[in-house]
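Visitor: Right, I'll just put the structure down here and ask away after.
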Amino acid sequence: MTAHEHLVARRGRRSGITTMVAIHSTALGPAVGGCRFKPYATLEEAVGDVLRLSAAMTAKCAVAGLAFGGGKSVIAPEPGRVLAPEERRAVLLDHADLIAEFGGAYRAGPDVGTGPADMLVLREASPYAFCTPESAGGTGSSSGPTAVGVLAALRAAGPADLAGRRVVISGYGSVGAHLAASLHAAGADVVVSDIDPAKRAEAEQSGLTWTEPEKALTLTADVVIPAAVGGVLSPETVARLDTPLVVGPANNQLTDDSVADSLAARGVRWIPDYVASAGGILYTLAREAEGLDHEAALARVGTIERTVTDLLTAAEANATTPSHEAAALAERRLTSGAVPRIP
């Protein structure tokens, strides 16, 4: 993939907190990507994250068939600093100022540490923010559509009938909880984990089995769903996996690209995260950029099933992997500067 087009980082004039925007590509259209609010140990770590995430957004949009490019932004308060409400508002306005300077070339949405209410604050200083609260005319949280997209990917790649199958979900946040509820309703034996032990009671009251986070990727399962932070699939964790299928919404699941080959060598089918997690962006852009209604936007999310089916078919025909075929598809579309019209 090409090098990044822009990376700007600065201290906010109101807050003194570092914020940054990375635009990886606008070859297919304006860059879109979430705003992550997270402390980092070093500035270099924050920069590395925003660069990786923005590149993944380029691939996500290209494979999903969207006429948008990839970007990402980060708000990075000092580790251990607890922001008062007025301080949080100040840094969000600082961030909005930075976004506005790109003139629409980058458009933000919620990500780790931010939500619809934060997008509403961004809108005060920049029009380029998606997913404001429904009460303010936006589409609100994209967690539900993201989960619907993962389920679409699972239909294409997984067992036809999930009843009685064991599914392990690593991460019981908003998307993970949506997935757990849907899979439990389908009769699956759902095991969940999260770094927040307070979520255990909620999970068990919902009929789910709890496991500790360090055990989640070692359990025997029909499907493993990474639904928390990235970087969970390393050579070490892949060697301990006991599942034929990994598909989930966590961004940047691999510690490096070679891990995809390690998964394939062990007979584990991995659906790239940027393919499986595209439901949120498909839904949001259908609603907010095209003006489609809820049902039509959900139908867009459903196209992930066909995308995954096509990638699996190509991988079998070419003796490659879904990861290889997804990357090749993204590159073809970026090189041509065009994506197919989504019905």
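Identifiers in this document derive from the order of the structure tokens: chains are assigned A, B, ..., residues are numbered from 1 separately in each chain, and ligands are numbered from 1 in order of occurrence.
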So which residues touch Thr42 in chain A within 10 Å, counting only C-alpha atoms, skipping near sequence neighbours fewer than 2 positions away, as a PDB file with C-alpha atoms, in the first residue's frame?

Guide:
ATOM      1  CA  PRO A  39      -3.245   7.638  26.949  1.00  0.00           C
ATOM      2  CA  TYR A  40      -0.020   6.286  25.457  1.00  0.00           C
ATOM      3  CA  GLU A  44       5.994   7.440  19.299  1.00  0.00           C
ATOM      4  CA  GLU A  45       3.516   4.790  20.439  1.00  0.00           C
ATOM      5  CA  ALA A  46       0.579   7.094  19.710  1.00  0.00           C
ATOM      6  CA  VAL A  47       1.951   7.950  16.269  1.00  0.00           C
ATOM      7  CA  ALA A  76      -3.508  11.314  23.785  1.00  0.00           C
ATOM      8  CA  GLU A  78      -0.793  11.890  29.667  1.00  0.00           C
ATOM      9  CA  PRO A  79      -0.954   8.431  31.311  1.00  0.00           C
TER      10      PRO A  79
END

Visitor: So which one's closest to Val191 in chain A, A:Thr220, A:Thr132, A:Thr146, A:Gln253? Using only C-alpha atoms, please.

Guide: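 Nearest to Val191 in chain A: A:Thr220.
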
Visitor: To one decimal in Å, tell me the separation between CA of Arg240 in chain A and CA of Ser193 in chain A.

Guide: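 Going from CA of Arg240 in chain A over to CA of Ser193 in chain A covers 16.9 Å.
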
Visitor: With distances taken over only C-alpha atoms, which residue among A:Ala129, A:Ala62, A:Leu183, A:Val167 lies nearest Pro226 in chain A?

Guide: A:Val167

Visitor: Would you return as a list in words the members of range 1-91 of chain A that DSSP assigns to strand (DSSP E) on this structure's backbone?

Guide: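 Filtering range 1-91 of chain A to strand (DSSP E) leaves His6, Leu7, Val8, Ala9, Arg10, Arg11, Thr18, Thr19, Met20, Val21, Ala22, Ile23, His24, Ser25, Ala31, Val32, Gly33, Gly34, Cys35, Arg36, Phe37, Gly69, Gly70, Gly71, Lys72, Ser73, Val74, Ile75 and Ala76 of chain A.
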
Visitor: Pull the closest atom pair for each residue of range 58-163 of chain A that gets at most 6 Å from range 283-307 of chain A, along with the distance in Å to one decimal, counting only C-alpha atoms, ordering rows by chain and then ascending residue number, as a Markdown table.

Guide:
| residue | atom | partner | partner_atom | distance |
| --- | --- | --- | --- | --- |
| A:Gly149 | CA | A:Val301 | CA | 5.6 |
| A:Ala152 | CA | A:Glu305 | CA | 4.7 |
| A:Ala153 | CA | A:Glu305 | CA | 5.0 |
| A:Ala156 | CA | A:Glu305 | CA | 5.4 |

Visitor: Contacts of Gly248 in chain A at 12 Å or less, counting only C-alpha atoms, minus same-chain residues fewer than 4 places along, as a ChimeraX atom specification?

Guide: /A:146-154,157-158,167-171,175-176,179-180,223-230,232-233,252-254,269-279

Visitor: Looking only at the backbone, which of the residues in range 204-326 of chain A does DSSP tag as alpha helix (DSSP H), as a CSV table (one decimal) with C-alpha atoms, in the first residue's frame?

Guide:
chain,number,residue,atom,x,y,z
A,204,GLU,CA,-23.3,-14.8,33.6
A,205,GLN,CA,-26.7,-13.3,34.2
A,213,PRO,CA,-8.7,-12.9,29.4
A,214,GLU,CA,-5.4,-14.8,29.4
A,215,LYS,CA,-7.2,-18.1,28.7
A,216,ALA,CA,-9.7,-16.9,26.0
A,235,PRO,CA,3.4,-16.1,16.8
A,236,GLU,CA,3.1,-17.1,20.5
A,237,THR,CA,-0.7,-16.9,20.7
A,238,VAL,CA,-1.3,-18.5,17.3
A,239,ALA,CA,0.8,-21.5,18.5
A,240,ARG,CA,-1.8,-22.0,21.4
A,258,SER,CA,3.6,-12.7,8.8
A,259,VAL,CA,1.2,-13.9,11.5
A,260,ALA,CA,-1.5,-14.4,8.7
A,261,ASP,CA,0.8,-17.1,7.2
A,262,SER,CA,1.3,-18.7,10.6
A,263,LEU,CA,-2.4,-19.0,11.0
A,264,ALA,CA,-2.8,-20.5,7.6
A,265,ALA,CA,0.1,-23.0,8.3
A,273,ASP,CA,-10.3,-7.7,10.8
A,274,TYR,CA,-10.8,-4.9,8.3
A,275,VAL,CA,-13.2,-7.0,6.4
A,276,ALA,CA,-15.2,-8.4,9.3
A,279,GLY,CA,-20.4,-3.0,9.3
A,280,GLY,CA,-20.2,0.1,11.3
A,281,ILE,CA,-18.7,2.3,8.6
A,282,LEU,CA,-21.0,0.7,5.9
A,283,TYR,CA,-24.1,1.6,8.0
A,284,THR,CA,-23.0,5.0,9.0
A,285,LEU,CA,-22.0,6.2,5.6
A,286,ALA,CA,-25.2,4.7,4.1
A,287,ARG,CA,-27.2,6.7,6.5
A,288,GLU,CA,-25.3,9.9,6.9
A,294,HIS,CA,-32.2,2.1,8.6
A,295,GLU,CA,-33.3,-1.0,6.7
A,296,ALA,CA,-31.5,-0.1,3.5
A,297,ALA,CA,-28.4,0.7,5.5
A,298,LEU,CA,-28.5,-2.7,7.3
A,299,ALA,CA,-28.8,-4.3,3.8
A,300,ARG,CA,-25.5,-2.6,3.0
A,301,VAL,CA,-24.0,-4.2,6.1
A,302,GLY,CA,-25.2,-7.6,4.8
A,303,THR,CA,-23.0,-7.3,1.7
A,304,ILE,CA,-20.1,-8.3,4.0
A,305,GLU,CA,-21.3,-11.9,3.7
A,306,ARG,CA,-20.9,-11.8,-0.1
A,307,THR,CA,-17.5,-10.1,0.2
A,308,VAL,CA,-16.2,-12.8,2.5
A,309,THR,CA,-17.7,-15.6,0.3
A,310,ASP,CA,-15.9,-14.1,-2.7
A,311,LEU,CA,-12.6,-13.8,-0.8
A,312,LEU,CA,-12.9,-17.5,0.3
A,313,THR,CA,-13.7,-18.6,-3.3
A,314,ALA,CA,-10.7,-16.6,-4.6
A,315,ALA,CA,-8.4,-18.0,-1.9
A,316,GLU,CA,-9.4,-21.6,-2.8
A,317,ALA,CA,-9.0,-21.0,-6.5
A,318,ASN,CA,-5.6,-19.4,-6.2
A,322,PRO,CA,-8.5,-14.7,2.6
A,323,SER,CA,-5.9,-12.3,3.9
A,324,HIS,CA,-3.9,-12.3,0.7
A,325,GLU,CA,-7.0,-12.0,-1.5
A,326,ALA,CA,-8.4,-9.1,0.6

Visitor: Mind giving me the straight-line distance from CA of Thr18 in chain A to CA of Gly70 in chain A in Å, one decimal?

Guide: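 Computing the Euclidean distance for CA of Thr18 in chain A and CA of Gly70 in chain A yields 21.1 Å.
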
Visitor: Considering only C-alpha atoms, state which residue in the set A:His24, A:Arg36, A:His184, A:Arg14 is at the smallest distance from Gly69 in chain A.

Guide: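 Ranked by minimum distance to Gly69 in chain A, first place goes to A:His24.
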
Visitor: Write out as a ChimeraX atom specification the residues lying within 8 Å of range 83-94 of chain A, counting only C-alpha atoms and excluding same-chain residues fewer than 6 positions away.

Guide: /A:12-17,19,75,118,121-122,124-125

Visitor: Write to file, as a PDB file, in the first residue's frame, the residues of the selection just made, with C-alpha atoms.

Guide:
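Result file follows (part-v4.pdb):
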ATOM      1  CA  GLY A  12      -4.176  21.869  21.785  1.00  0.00           C
ATOM      2  CA  ARG A  13      -4.275  25.584  22.512  1.00  0.00           C
ATOM      3  CA  ARG A  14      -7.047  25.152  25.099  1.00  0.00           C
ATOM      4  CA  SER A  15      -5.990  21.920  26.769  1.00  0.00           C
ATOM      5  CA  GLY A  16      -2.276  21.483  26.138  1.00  0.00           C
ATOM      6  CA  ILE A  17      -3.015  17.841  25.270  1.00  0.00           C
ATOM      7  CA  THR A  19      -3.998  15.403  19.352  1.00  0.00           C
ATOM      8  CA  ILE A  75      -6.337  12.291  21.440  1.00  0.00           C
ATOM      9  CA  ASP A 118     -18.062  13.454  21.909  1.00  0.00           C
ATOM     10  CA  VAL A 121     -18.744  18.386  20.728  1.00  0.00           C
ATOM     11  CA  LEU A 122     -16.539  17.981  17.639  1.00  0.00           C
ATOM     12  CA  GLU A 124     -19.279  22.589  17.414  1.00  0.00           C
ATOM     13  CA  ALA A 125     -15.982  23.448  15.719  1.00  0.00           C
TER      14      ALA A 125
END

Visitor: Using only C-alpha atoms, which residues sit within 10 Å of Ala136 in chain A once same-chain residues fewer than 3 positions away are excluded, as an MDAnalysis selection string?

Guide: chainID A and resid 116:117 120 131:133 139:140

Visitor: Write out as a list in words each polymer residue whose atoms come within 12 Å of Tyr128 in chain A, counting only C-alpha atoms; drop sequence neighbours fewer than 6 positions from it.

Guide: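 After dropping sequence-adjacent residues, the list is Pro30, Ala31, Val32, Gly33, Gly34, Cys35, His95, Ala96, Asp97, Leu98, Ile99, Ala100, Glu101, Phe102, Gly103, Gly104, Ala105, Tyr106, Arg107, Ala108, Gly109, Met119, Leu120, Val121, Leu122, Glu288 and Ala289 of chain A.
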
Visitor: Find the residues near Glu202 in chain A: any atom within 12 Å, counting only C-alpha atoms, skip ones fewer than 2 places away on the same chain, and give them as a ChimeraX atom specification.

Guide: /A:172-173,177,180-181,192-194,196-200,204-210
